[in-house]
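Colleague: Please find entry-v8.pdb (PDB, C-alpha atoms, pLDDT in the B column) on the next line:
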ATOM      1  CA  MET A 229     -40.653   2.353  -4.377  1.00 39.00           C
ATOM      2  CA  LYS A 230     -38.526  -0.461  -3.078  1.00 47.00           C
ATOM      3  CA  SER A 231     -36.972  -2.907  -5.527  1.00 55.00           C
ATOM      4  CA  GLU A 232     -38.818  -5.967  -4.287  1.00 87.00           C
ATOM      5  CA  ASP A 233     -39.656  -9.093  -6.260  1.00 91.00           C
ATOM      6  CA  ILE A 234     -43.409  -9.670  -6.083  1.00 95.00           C
ATOM      7  CA  LEU A 235     -43.452 -12.597  -8.523  1.00 96.00           C
ATOM      8  CA  THR A 236     -40.542 -14.718  -9.720  1.00 96.00           C
ATOM      9  CA  THR A 237     -40.737 -17.767 -11.971  1.00 96.00           C
ATOM     10  CA  ARG A 238     -37.936 -20.054 -13.069  1.00 96.00           C
ATOM     11  CA  ASN A 239     -38.527 -22.311 -16.067  1.00 96.00           C
ATOM     12  CA  LEU A 240     -42.239 -22.455 -15.258  1.00 97.00           C
ATOM     13  CA  THR A 241     -43.838 -25.045 -17.529  1.00 96.00           C
ATOM     14  CA  LYS A 242     -47.310 -26.475 -18.055  1.00 96.00           C
ATOM     15  CA  LYS A 243     -47.960 -29.524 -20.218  1.00 93.00           C
ATOM     16  CA  TYR A 244     -51.355 -30.875 -21.220  1.00 90.00           C
ATOM     17  CA  HIS A 245     -50.623 -34.399 -22.396  1.00 86.00           C
ATOM     18  CA  ARG A 246     -47.856 -33.776 -24.963  1.00 82.00           C
ATOM     19  CA  GLU A 247     -48.730 -30.161 -25.652  1.00 88.00           C
ATOM     20  CA  LEU A 248     -46.698 -27.384 -24.022  1.00 91.00           C
ATOM     21  CA  ALA A 249     -49.024 -24.563 -22.991  1.00 94.00           C
ATOM     22  CA  VAL A 250     -46.287 -22.694 -21.083  1.00 95.00           C
ATOM     23  CA  ASP A 251     -42.687 -23.480 -21.944  1.00 95.00           C
ATOM     24  CA  GLN A 252     -39.942 -22.715 -19.380  1.00 95.00           C
ATOM     25  CA  VAL A 253     -40.968 -19.129 -18.630  1.00 96.00           C
ATOM     26  CA  SER A 254     -38.529 -17.298 -16.345  1.00 96.00           C
ATOM     27  CA  MET A 255     -39.536 -13.784 -15.365  1.00 94.00           C
ATOM     28  CA  SER A 256     -39.814 -11.410 -12.431  1.00 93.00           C
ATOM     29  CA  ILE A 257     -42.286  -8.684 -11.572  1.00 95.00           C
ATOM     30  CA  LYS A 258     -41.129  -6.079  -9.088  1.00 93.00           C
ATOM     31  CA  ARG A 259     -43.110  -3.987  -6.659  1.00 94.00           C
ATOM     32  CA  GLY A 260     -44.841  -1.134  -8.462  1.00 94.00           C
ATOM     33  CA  ASP A 261     -44.689  -2.712 -11.932  1.00 95.00           C
ATOM     34  CA  ILE A 262     -47.652  -2.602 -14.278  1.00 96.00           C
ATOM     35  CA  TYR A 263     -46.633  -5.590 -16.371  1.00 96.00           C
ATOM     36  CA  GLY A 264     -48.377  -5.972 -19.726  1.00 94.00           C
ATOM     37  CA  PHE A 265     -48.579  -9.542 -21.023  1.00 93.00           C
ATOM     38  CA  ILE A 266     -48.847  -9.624 -24.823  1.00 91.00           C
ATOM     39  CA  GLY A 267     -49.525 -12.738 -26.857  1.00 89.00           C
ATOM     40  CA  GLU A 268     -51.802 -14.133 -29.536  1.00 88.00           C
ATOM     41  CA  ASN A 269     -54.731 -16.412 -28.663  1.00 87.00           C
ATOM     42  CA  GLY A 270     -53.365 -19.698 -27.344  1.00 88.00           C
ATOM     43  CA  ALA A 271     -49.952 -18.235 -26.478  1.00 91.00           C
ATOM     44  CA  GLY A 272     -50.231 -19.386 -22.844  1.00 93.00           C
ATOM     45  CA  LYS A 273     -51.024 -16.114 -21.047  1.00 94.00           C
ATOM     46  CA  THR A 274     -54.093 -17.372 -19.198  1.00 93.00           C
ATOM     47  CA  THR A 275     -52.442 -20.700 -18.318  1.00 95.00           C
ATOM     48  CA  PHE A 276     -49.465 -18.836 -16.862  1.00 96.00           C
ATOM     49  CA  MET A 277     -51.782 -16.624 -14.798  1.00 95.00           C
ATOM     50  CA  ARG A 278     -53.744 -19.641 -13.579  1.00 94.00           C
ATOM     51  CA  MET A 279     -50.537 -21.229 -12.296  1.00 95.00           C
ATOM     52  CA  VAL A 280     -49.588 -18.065 -10.428  1.00 95.00           C
ATOM     53  CA  CYS A 281     -53.067 -17.987  -8.843  1.00 93.00           C
ATOM     54  CA  GLY A 282     -52.916 -21.652  -7.852  1.00 92.00           C
ATOM     55  CA  LEU A 283     -55.694 -22.655 -10.260  1.00 91.00           C
ATOM     56  CA  ALA A 284     -53.358 -24.923 -12.253  1.00 93.00           C
ATOM     57  CA  ARG A 285     -50.386 -26.950 -11.057  1.00 93.00           C
ATOM     58  CA  PRO A 286     -47.072 -26.422 -12.887  1.00 94.00           C
ATOM     59  CA  SER A 287     -45.629 -29.446 -14.657  1.00 95.00           C
ATOM     60  CA  GLU A 288     -42.090 -28.179 -14.082  1.00 95.00           C
ATOM     61  CA  GLY A 289     -40.259 -25.145 -12.766  1.00 95.00           C
ATOM     62  CA  GLU A 290     -40.463 -22.916  -9.716  1.00 94.00           C
ATOM     63  CA  LEU A 291     -42.745 -20.126  -8.584  1.00 95.00           C
ATOM     64  CA  GLU A 292     -42.178 -17.564  -5.841  1.00 95.00           C
ATOM     65  CA  LEU A 293     -44.689 -15.020  -4.596  1.00 95.00           C
ATOM     66  CA  TYR A 294     -43.456 -12.269  -2.267  1.00 94.00           C
ATOM     67  CA  GLY A 295     -40.228 -14.271  -1.966  1.00 91.00           C
ATOM     68  CA  VAL A 296     -41.833 -17.497  -0.701  1.00 92.00           C
ATOM     69  CA  SER A 297     -42.392 -20.866  -2.365  1.00 91.00           C
ATOM     70  CA  GLY A 298     -43.884 -24.206  -1.371  1.00 88.00           C
ATOM     71  CA  GLN A 299     -47.595 -25.074  -1.416  1.00 88.00           C
ATOM     72  CA  LYS A 300     -48.463 -23.964   2.133  1.00 91.00           C
ATOM     73  CA  GLU A 301     -46.453 -20.750   1.909  1.00 93.00           C
ATOM     74  CA  LEU A 302     -47.897 -19.880  -1.511  1.00 93.00           C
ATOM     75  CA  GLN A 303     -51.433 -20.572  -0.344  1.00 90.00           C
ATOM     76  CA  LYS A 304     -50.956 -18.068   2.463  1.00 90.00           C
ATOM     77  CA  ALA A 305     -49.258 -15.510   0.179  1.00 92.00           C
ATOM     78  CA  ARG A 306     -52.129 -15.706  -2.312  1.00 91.00           C
ATOM     79  CA  LYS A 307     -54.473 -14.291   0.341  1.00 87.00           C
ATOM     80  CA  ASN A 308     -52.645 -10.994  -0.319  1.00 91.00           C
ATOM     81  CA  MET A 309     -53.235 -11.201  -4.065  1.00 93.00           C
ATOM     82  CA  GLY A 310     -56.322 -10.515  -6.170  1.00 92.00           C
ATOM     83  CA  ALA A 311     -57.192 -11.969  -9.562  1.00 92.00           C
ATOM     84  CA  LEU A 312     -59.667 -11.669 -12.403  1.00 90.00           C
ATOM     85  CA  ILE A 313     -59.039 -14.652 -14.697  1.00 88.00           C
ATOM     86  CA  GLU A 314     -61.177 -15.306 -17.787  1.00 75.00           C
ATOM     87  CA  ASN A 315     -64.860 -14.757 -16.912  1.00 73.00           C
ATOM     88  CA  PRO A 316     -65.499 -13.047 -13.560  1.00 75.00           C
ATOM     89  CA  ALA A 317     -66.256 -15.654 -10.891  1.00 78.00           C
ATOM     90  CA  VAL A 318     -69.439 -14.183  -9.444  1.00 88.00           C
ATOM     91  CA  TYR A 319     -72.503 -15.722  -7.829  1.00 92.00           C
ATOM     92  CA  PRO A 320     -75.361 -14.873 -10.215  1.00 91.00           C
ATOM     93  CA  ASN A 321     -78.129 -15.011  -7.611  1.00 94.00           C
ATOM     94  CA  MET A 322     -76.351 -12.582  -5.282  1.00 94.00           C
ATOM     95  CA  THR A 323     -76.085  -8.804  -5.352  1.00 94.00           C
ATOM     96  CA  ALA A 324     -72.740  -7.090  -5.890  1.00 93.00           C
ATOM     97  CA  LEU A 325     -72.446  -6.403  -2.164  1.00 92.00           C
ATOM     98  CA  GLU A 326     -73.261 -10.023  -1.302  1.00 92.00           C
ATOM     99  CA  ASN A 327     -70.580 -11.221  -3.727  1.00 93.00           C
ATOM    100  CA  LEU A 328     -68.015  -9.027  -1.970  1.00 92.00           C
ATOM    101  CA  GLU A 329     -69.201 -10.339   1.389  1.00 91.00           C
ATOM    102  CA  VAL A 330     -68.398 -13.888   0.249  1.00 90.00           C
ATOM    103  CA  GLN A 331     -64.891 -12.755  -0.704  1.00 89.00           C
ATOM    104  CA  ARG A 332     -64.498 -10.983   2.656  1.00 87.00           C
ATOM    105  CA  ARG A 333     -65.287 -14.209   4.489  1.00 87.00           C
ATOM    106  CA  TYR A 334     -62.924 -16.215   2.292  1.00 84.00           C
ATOM    107  CA  LEU A 335     -60.088 -13.804   3.064  1.00 82.00           C
ATOM    108  CA  GLY A 336     -60.868 -13.860   6.769  1.00 82.00           C
ATOM    109  CA  ILE A 337     -61.399 -10.092   7.030  1.00 82.00           C
ATOM    110  CA  ARG A 338     -63.120  -9.055  10.249  1.00 79.00           C
ATOM    111  CA  ARG A 339     -66.780  -8.162   9.962  1.00 75.00           C
ATOM    112  CA  ASN A 340     -66.456  -4.926  11.975  1.00 72.00           C
ATOM    113  CA  ASP A 341     -67.112  -1.988   9.634  1.00 65.00           C
ATOM    114  CA  SER A 342     -66.598  -4.276   6.620  1.00 76.00           C
ATOM    115  CA  GLU A 343     -69.951  -3.428   4.999  1.00 79.00           C
ATOM    116  CA  GLU A 344     -68.988   0.219   4.674  1.00 84.00           C
ATOM    117  CA  MET A 345     -65.585  -0.790   3.274  1.00 86.00           C
ATOM    118  CA  LEU A 346     -67.241  -3.040   0.680  1.00 90.00           C
ATOM    119  CA  LYS A 347     -69.690  -0.297  -0.323  1.00 89.00           C
ATOM    120  CA  GLU A 348     -66.754   2.069  -0.852  1.00 89.00           C
ATOM    121  CA  LEU A 349     -65.107  -0.576  -3.038  1.00 90.00           C
ATOM    122  CA  LEU A 350     -68.231  -0.810  -5.197  1.00 92.00           C
ATOM    123  CA  GLU A 351     -68.225   2.982  -5.527  1.00 90.00           C
ATOM    124  CA  LEU A 352     -64.590   2.802  -6.571  1.00 87.00           C
ATOM    125  CA  VAL A 353     -65.338   0.486  -9.517  1.00 88.00           C
ATOM    126  CA  GLY A 354     -68.511   2.301 -10.556  1.00 87.00           C
ATOM    127  CA  LEU A 355     -71.110  -0.073  -9.083  1.00 90.00           C
ATOM    128  CA  GLY A 356     -72.237   2.025  -6.161  1.00 89.00           C
ATOM    129  CA  ASP A 357     -75.774   2.442  -7.506  1.00 90.00           C
ATOM    130  CA  VAL A 358     -76.732  -1.152  -8.408  1.00 88.00           C
ATOM    131  CA  GLY A 359     -78.610  -1.721  -5.136  1.00 85.00           C
ATOM    132  CA  LYS A 360     -80.297  -5.116  -4.866  1.00 89.00           C
ATOM    133  CA  LYS A 361     -79.905  -6.003  -8.542  1.00 92.00           C
ATOM    134  CA  LYS A 362     -78.680  -9.587  -8.930  1.00 94.00           C
ATOM    135  CA  ALA A 363     -75.398 -10.268 -10.714  1.00 92.00           C
ATOM    136  CA  ARG A 364     -77.231 -12.459 -13.241  1.00 92.00           C
ATOM    137  CA  ASP A 365     -78.860  -9.294 -14.565  1.00 93.00           C
ATOM    138  CA  PHE A 366     -75.568  -7.402 -14.957  1.00 90.00           C
ATOM    139  CA  SER A 367     -74.148  -6.552 -18.349  1.00 87.00           C
ATOM    140  CA  LEU A 368     -70.751  -8.038 -19.254  1.00 83.00           C
ATOM    141  CA  GLY A 369     -69.097  -4.719 -18.432  1.00 83.00           C
ATOM    142  CA  MET A 370     -70.768  -4.624 -15.007  1.00 87.00           C
ATOM    143  CA  LYS A 371     -69.614  -8.174 -14.320  1.00 88.00           C
ATOM    144  CA  GLN A 372     -66.073  -7.131 -15.226  1.00 86.00           C
ATOM    145  CA  ARG A 373     -66.313  -4.270 -12.731  1.00 88.00           C
ATOM    146  CA  LEU A 374     -67.618  -6.610 -10.051  1.00 91.00           C
ATOM    147  CA  GLY A 375     -64.799  -9.047 -10.806  1.00 89.00           C
ATOM    148  CA  LEU A 376     -62.312  -6.223 -10.332  1.00 90.00           C
ATOM    149  CA  ALA A 377     -63.957  -5.258  -7.017  1.00 92.00           C
ATOM    150  CA  ILE A 378     -63.638  -8.867  -5.854  1.00 91.00           C
ATOM    151  CA  ALA A 379     -59.963  -8.861  -6.882  1.00 92.00           C
ATOM    152  CA  LEU A 380     -59.403  -5.670  -4.871  1.00 92.00           C
ATOM    153  CA  THR A 381     -61.146  -6.912  -1.714  1.00 90.00           C
ATOM    154  CA  GLY A 382     -58.747  -6.949   1.206  1.00 86.00           C
ATOM    155  CA  ASN A 383     -56.437  -4.305  -0.268  1.00 88.00           C
ATOM    156  CA  PRO A 384     -54.033  -6.756  -1.977  1.00 92.00           C
ATOM    157  CA  ARG A 385     -50.452  -5.845  -2.879  1.00 93.00           C
ATOM    158  CA  PHE A 386     -50.640  -7.597  -6.270  1.00 96.00           C
ATOM    159  CA  ILE A 387     -53.470  -8.232  -8.738  1.00 95.00           C
ATOM    160  CA  ILE A 388     -53.670 -10.290 -11.921  1.00 96.00           C
ATOM    161  CA  LEU A 389     -56.144  -9.222 -14.593  1.00 94.00           C
ATOM    162  CA  ASP A 390     -56.823 -11.333 -17.691  1.00 92.00           C
ATOM    163  CA  GLU A 391     -58.415  -9.139 -20.381  1.00 89.00           C
ATOM    164  CA  PRO A 392     -59.984  -6.710 -17.875  1.00 88.00           C
ATOM    165  CA  THR A 393     -61.381  -4.352 -20.556  1.00 85.00           C
ATOM    166  CA  ILE A 394     -63.614  -6.973 -22.224  1.00 82.00           C
ATOM    167  CA  GLY A 395     -67.179  -5.677 -22.294  1.00 78.00           C
ATOM    168  CA  LEU A 396     -66.231  -2.114 -21.393  1.00 82.00           C
ATOM    169  CA  ASP A 397     -67.096   0.807 -23.652  1.00 86.00           C
ATOM    170  CA  PRO A 398     -64.474   3.531 -24.311  1.00 87.00           C
ATOM    171  CA  VAL A 399     -65.595   5.489 -21.243  1.00 87.00           C
ATOM    172  CA  GLY A 400     -65.412   2.369 -19.091  1.00 84.00           C
ATOM    173  CA  LYS A 401     -61.932   1.597 -20.377  1.00 86.00           C
ATOM    174  CA  ALA A 402     -60.753   5.110 -19.558  1.00 87.00           C
ATOM    175  CA  GLU A 403     -62.257   4.881 -16.057  1.00 87.00           C
ATOM    176  CA  LEU A 404     -60.599   1.516 -15.444  1.00 86.00           C
ATOM    177  CA  ARG A 405     -57.252   2.856 -16.632  1.00 88.00           C
ATOM    178  CA  THR A 406     -57.538   5.873 -14.338  1.00 89.00           C
ATOM    179  CA  LEU A 407     -58.439   3.633 -11.401  1.00 88.00           C
ATOM    180  CA  LEU A 408     -55.553   1.215 -11.949  1.00 91.00           C
ATOM    181  CA  LEU A 409     -53.051   4.041 -12.359  1.00 92.00           C
ATOM    182  CA  LYS A 410     -54.336   5.648  -9.161  1.00 89.00           C
ATOM    183  CA  LEU A 411     -54.028   2.392  -7.202  1.00 90.00           C
ATOM    184  CA  ASN A 412     -50.561   1.805  -8.612  1.00 92.00           C
ATOM    185  CA  GLN A 413     -49.298   5.293  -7.816  1.00 92.00           C
ATOM    186  CA  GLU A 414     -51.019   5.886  -4.480  1.00 87.00           C
ATOM    187  CA  LYS A 415     -51.013   2.383  -2.986  1.00 85.00           C
ATOM    188  CA  GLU A 416     -48.048   0.873  -4.864  1.00 90.00           C
ATOM    189  CA  LEU A 417     -50.326  -1.830  -6.222  1.00 94.00           C
ATOM    190  CA  THR A 418     -48.420  -4.162  -8.536  1.00 96.00           C
ATOM    191  CA  ILE A 419     -50.366  -5.334 -11.596  1.00 96.00           C
ATOM    192  CA  LEU A 420     -49.973  -8.133 -14.139  1.00 96.00           C
ATOM    193  CA  PHE A 421     -52.507  -7.864 -16.943  1.00 94.00           C
ATOM    194  CA  SER A 422     -53.136  -9.138 -20.439  1.00 92.00           C
ATOM    195  CA  SER A 423     -55.074  -7.436 -23.203  1.00 86.00           C
ATOM    196  CA  HIS A 424     -55.585  -7.599 -26.941  1.00 82.00           C
ATOM    197  CA  ASP A 425     -56.178  -3.846 -26.890  1.00 82.00           C
ATOM    198  CA  LEU A 426     -52.556  -2.814 -27.381  1.00 85.00           C
ATOM    199  CA  SER A 427     -53.328   0.907 -27.557  1.00 83.00           C
ATOM    200  CA  GLU A 428     -54.975   0.667 -24.130  1.00 84.00           C
ATOM    201  CA  MET A 429     -52.076  -1.400 -22.825  1.00 88.00           C
ATOM    202  CA  GLN A 430     -49.603   1.294 -23.892  1.00 88.00           C
ATOM    203  CA  ARG A 431     -51.406   3.792 -21.675  1.00 89.00           C
ATOM    204  CA  LEU A 432     -50.890   1.569 -18.634  1.00 92.00           C
ATOM    205  CA  ALA A 433     -47.897  -0.740 -18.792  1.00 94.00           C
ATOM    206  CA  THR A 434     -44.478   0.119 -17.385  1.00 95.00           C
ATOM    207  CA  ARG A 435     -42.993  -3.216 -18.515  1.00 95.00           C
ATOM    208  CA  TYR A 436     -43.896  -5.757 -21.175  1.00 94.00           C
ATOM    209  CA  GLY A 437     -43.539  -9.467 -21.700  1.00 94.00           C
ATOM    210  CA  PHE A 438     -44.170 -10.958 -25.160  1.00 93.00           C
ATOM    211  CA  LEU A 439     -45.366 -14.557 -25.162  1.00 93.00           C
ATOM    212  CA  HIS A 440     -45.489 -16.815 -28.225  1.00 92.00           C
ATOM    213  CA  LYS A 441     -46.300 -20.538 -28.279  1.00 92.00           C
ATOM    214  CA  GLY A 442     -45.768 -20.702 -24.533  1.00 93.00           C
ATOM    215  CA  LYS A 443     -42.340 -19.073 -24.615  1.00 94.00           C
ATOM    216  CA  LEU A 444     -41.380 -15.655 -23.281  1.00 95.00           C
ATOM    217  CA  ILE A 445     -39.634 -14.264 -26.365  1.00 93.00           C
ATOM    218  CA  LYS A 446     -39.001 -10.689 -25.210  1.00 92.00           C
ATOM    219  CA  GLU A 447     -39.110  -8.486 -22.119  1.00 93.00           C
ATOM    220  CA  LEU A 448     -38.560  -4.736 -22.091  1.00 93.00           C
ATOM    221  CA  THR A 449     -39.651  -1.538 -20.361  1.00 94.00           C
ATOM    222  CA  ALA A 450     -42.244   0.851 -21.759  1.00 93.00           C
ATOM    223  CA  GLN A 451     -39.476   3.306 -22.572  1.00 94.00           C
ATOM    224  CA  GLU A 452     -37.427   0.658 -24.397  1.00 94.00           C
ATOM    225  CA  LEU A 453     -40.497  -0.427 -26.397  1.00 92.00           C
ATOM    226  CA  GLU A 454     -41.267   3.155 -27.375  1.00 92.00           C
ATOM    227  CA  GLN A 455     -37.671   3.707 -28.480  1.00 93.00           C
ATOM    228  CA  GLU A 456     -37.558   0.502 -30.558  1.00 92.00           C
ATOM    229  CA  CYS A 457     -40.916   1.206 -32.231  1.00 92.00           C
ATOM    230  CA  SER A 458     -39.865   4.796 -32.966  1.00 92.00           C
ATOM    231  CA  ALA A 459     -36.518   3.715 -34.404  1.00 94.00           C
ATOM    232  CA  GLN A 460     -38.214   1.186 -36.702  1.00 92.00           C
ATOM    233  CA  GLY A 461     -41.155   3.440 -37.570  1.00 93.00           C
ATOM    234  CA  ILE A 462     -43.752   0.857 -36.504  1.00 91.00           C
ATOM    235  CA  ASP A 463     -46.480   0.464 -33.889  1.00 89.00           C
ATOM    236  CA  VAL A 464     -46.644  -2.114 -31.062  1.00 88.00           C
ATOM    237  CA  GLU A 465     -48.793  -4.540 -33.041  1.00 87.00           C
ATOM    238  CA  GLN A 466     -46.283  -4.637 -35.908  1.00 90.00           C
ATOM    239  CA  TYR A 467     -43.424  -4.913 -33.420  1.00 89.00           C
ATOM    240  CA  PHE A 468     -45.069  -7.999 -31.912  1.00 88.00           C
ATOM    241  CA  LEU A 469     -45.728  -9.532 -35.333  1.00 87.00           C
ATOM    242  CA  ASN A 470     -42.059  -9.011 -36.209  1.00 90.00           C
ATOM    243  CA  LEU A 471     -41.054 -10.787 -32.980  1.00 88.00           C
ATOM    244  CA  ILE A 472     -43.295 -13.717 -33.882  1.00 87.00           C
ATOM    245  CA  LEU A 473     -41.758 -13.984 -37.361  1.00 86.00           C
ATOM    246  CA  LYS A 474     -38.251 -13.978 -35.851  1.00 85.00           C
ATOM    247  CA  ALA A 475     -39.345 -16.658 -33.379  1.00 80.00           C
ATOM    248  CA  GLY A 476     -40.422 -18.856 -36.261  1.00 73.00           C
ATOM    249  CA  GLY A 477     -44.170 -18.564 -36.659  1.00 59.00           C
ATOM    250  CA  ALA A 478     -46.791 -16.274 -38.079  1.00 50.00           C
ATOM    251  CA  GLY A 479     -49.049 -16.725 -35.065  1.00 41.00           C
ATOM    252  CA  LYS A 480     -52.713 -15.843 -34.845  1.00 38.00           C
ATOM    253  CA  LYS A 481     -53.879 -12.300 -35.155  1.00 35.00           C
TER     254      LYS A 481
END
Starting from the file, give its structure as structure tokens.
Modeller:
Amino acid sequence: MKSEDILTTRNLTKKYHRELAVDQVSMSIKRGDIYGFIGENGAGKTTFMRMVCGLARPSEGELELYGVSGQKELQKARKNMGALIENPAVYPNMTALENLEVQRRYLGIRRNDSEEMLKELLELVGLGDVGKKKARDFSLGMKQRLGLAIALTGNPRFIILDEPTIGLDPVGKAELRTLLLKLNQEKELTILFSSHDLSEMQRLATRYGFLHKGKLIKELTAQELEQECSAQGIDVEQYFLNLILKAGGAGKK
């Protein structure tokens, strides 16, 4: 894989009135990374992701996607990026296929042979047999799968997933992990994801970023994390809690 910066931020900051939700975060995600974002509730993970997706405007700092910046350039670059942020944004009165058709039109993908492509995408995420069932009747896990299918429409180079395993049973989590690893290895899909399931995250992530009170307090590779945890005789959860204590706060569990 080429060493190519997919996402770069410099002192990215988001303020809501006087409260800092994201505080001068500088980081880079390279092509082929599976970047695990770890942080307690309210640490700023979702706000950071929303800024990258263009759903929230930064108060300060810079953001580059595929090496470009500026509103018009970023808007164009985001067409080659998929995202599943918070609750899946689906149309409840539409079928899964109809929801993907809306995304196809938004991305400007040609209609020729697109229906077959979208059906294959539904098969990929385990929704190939839902037929004409409306999204309003889906379980939470099914909605998560549909949200992932929407994020993958158009074969993006980079996807952002905020708590993608919510609502999935152990089998569903394993299937999602297998799918993401396959896309990463076979299509060089770059992934930024957050999760409170640290054991699941360890099976996926190649790099980690630890966020606390809006600040990026630590970055390291999966190998470095494994070595540090092994040397200290602790697991990832305890490692993160120790980082929080060093940063000056007990945080929320």
Colleague: For the contact check between stretch 238-306 of chain A and stretch 455-478 of chain A, emit one row per residue of stretch 238-306 of chain A within 10 Å, containing the shortest atom pair and the distance in Å rounded to one decimal, counting only C-alpha atoms, chain then rising number order, as a Markdown table.
Modeller:
| residue | atom | partner | partner_atom | distance |
| --- | --- | --- | --- | --- |
| A:Ile266 | CA | A:Phe468 | CA | 8.2 |
| A:Gly267 | CA | A:Phe468 | CA | 8.2 |
| A:Glu268 | CA | A:Phe468 | CA | 9.4 |
Colleague: Store the residues picked out above, limited to C-alpha atoms, as a CSV table (one decimal), in the frame of the given file.
Modeller:
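Below is the file that was written, result-v4.csv:
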chain,number,residue,atom,x,y,z
A,266,ILE,CA,-48.8,-9.6,-24.8
A,267,GLY,CA,-49.5,-12.7,-26.9
A,268,GLU,CA,-51.8,-14.1,-29.5
Colleague: Can you give me, as a list in words, the residues this file yields under the PyMOL selection byres ((chain A and resi 259) around 7)?
Modeller: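 Selected by the PyMOL selection byres ((chain A and resi 259) around 7) in this file: Lys230, Ser231, Glu232, Asp233, Ile234, Ile257, Lys258, Gly260, Asp261 and Thr418 of chain A.
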Colleague: Do you know which residues are at most 10 Å from A:Tyr436 counting all atoms listed in the file, after dropping those on the same chain fewer than 4 positions away, and could you put them as a ChimeraX atom specification?
Modeller: /A:261-266,420-422,429-430,446-450,452-453
Colleague: List every protein, DNA or RNA residue that has an atom no more than 12 Å from (-71.9, -10.4, -3.8) in the file's coordinate frame, counting only C-alpha atoms, and report them as an MDAnalysis selection string.
Modeller: chainID A and resid 316:333 343 346:347 349:350 355 358:364 371 374:375 377:378 381
Colleague: Next, dump the selected residues to file, keeping only C-alpha atoms, as a compact mmCIF listing (two decimals), in the frame of the given file.
Modeller:
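Produced file part19.txt, reproduced below:
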# COMPACT_ATOMS: atom_id res chain seq x y z
CA PRO A 316 -65.50 -13.05 -13.56
CA ALA A 317 -66.26 -15.65 -10.89
CA VAL A 318 -69.44 -14.18 -9.44
CA TYR A 319 -72.50 -15.72 -7.83
CA PRO A 320 -75.36 -14.87 -10.22
CA ASN A 321 -78.13 -15.01 -7.61
CA MET A 322 -76.35 -12.58 -5.28
CA THR A 323 -76.08 -8.80 -5.35
CA ALA A 324 -72.74 -7.09 -5.89
CA LEU A 325 -72.45 -6.40 -2.16
CA GLU A 326 -73.26 -10.02 -1.30
CA ASN A 327 -70.58 -11.22 -3.73
CA LEU A 328 -68.02 -9.03 -1.97
CA GLU A 329 -69.20 -10.34 1.39
CA VAL A 330 -68.40 -13.89 0.25
CA GLN A 331 -64.89 -12.76 -0.70
CA ARG A 332 -64.50 -10.98 2.66
CA ARG A 333 -65.29 -14.21 4.49
CA GLU A 343 -69.95 -3.43 5.00
CA LEU A 346 -67.24 -3.04 0.68
CA LYS A 347 -69.69 -0.30 -0.32
CA LEU A 349 -65.11 -0.58 -3.04
CA LEU A 350 -68.23 -0.81 -5.20
CA LEU A 355 -71.11 -0.07 -9.08
CA VAL A 358 -76.73 -1.15 -8.41
CA GLY A 359 -78.61 -1.72 -5.14
CA LYS A 360 -80.30 -5.12 -4.87
CA LYS A 361 -79.90 -6.00 -8.54
CA LYS A 362 -78.68 -9.59 -8.93
CA ALA A 363 -75.40 -10.27 -10.71
CA ARG A 364 -77.23 -12.46 -13.24
CA LYS A 371 -69.61 -8.17 -14.32
CA LEU A 374 -67.62 -6.61 -10.05
CA GLY A 375 -64.80 -9.05 -10.81
CA ALA A 377 -63.96 -5.26 -7.02
CA ILE A 378 -63.64 -8.87 -5.85
CA THR A 381 -61.15 -6.91 -1.71
Colleague: Would you compute the distance between atom CA of A:Arg278 and atom CA of A:Glu454? Give it in Å to one decimal.
Modeller: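 That distance, rounded to one decimal, is 29.4 Å.
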Colleague: What is the distance, in Å and to one decimal place, between atom CA of A:Thr241 and atom CA of A:Phe276?
Modeller: 8.4 Å
Colleague: To verify the selection step, state as a PyMOL selection string which residues the PyMOL selection byres ((chain A and resi 386-396) around 9) yields on this input.
Modeller: chain A and resi 234+259-260+273-274+277+280-281+308-315+367-373+375-376+379-380+383-385+397-401+404+416-425+428
Colleague: Which of these residues is nearest to A:Lys443, using only C-alpha atoms: A:Ile337, A:Leu235, A:Ala249, A:Val296?
Modeller: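 Checking each of A:Ile337, A:Leu235, A:Ala249, A:Val296 against A:Lys443, counting only C-alpha atoms, the winner is A:Ala249.
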Colleague: Using the chain letters and numbers from this file, what does the PyMOL selection byres ((chain A and resi 244-248) around 9) select? Give the answer as number ranges by chain.
Modeller: A: 241-243, 249-251, 272, 287, 441-442
Colleague: Hey, what's within 10 Å of A:Gly289 if we count all atoms listed in the file and toss same-chain stuff fewer than 6 positions away? As a count of residues only, please?
Modeller: 10
Colleague: May I ask for the distance between atom CA of A:Gly282 and atom CA of A:Gly336, given in Å to one decimal place?
Modeller: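 These two atoms are separated by 18.4 Å.
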Colleague: Of the candidates A:Arg435, A:Asn412, A:Ser256, A:Gly382, which one gets nearest to A:Gly295 if we count all atoms listed in the file?
Modeller: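 Checking each of A:Arg435, A:Asn412, A:Ser256, A:Gly382 against A:Gly295, counting all atoms listed in the file, the winner is A:Ser256.
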Colleague: Please, what is the axis-aligned box for every listed atom of stretch 247-265 of chain A with 5 Å on each side, as centre and edge lengths in Å to one decimal, as AutoDock Vina command-line options?
Modeller:
--center_x -43.8 --center_y -15.6 --center_z -16.2 --size_x 20.5 --size_y 39.0 --size_z 29.0
Colleague: Give the answer as one residue: which of A:Arg405, A:Leu432, A:Asn340, A:His440 has the shortest atom-to-atom distance to A:Ala271, using only C-alpha atoms?
Modeller: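 The closest residue to A:Ala271 is A:His440.
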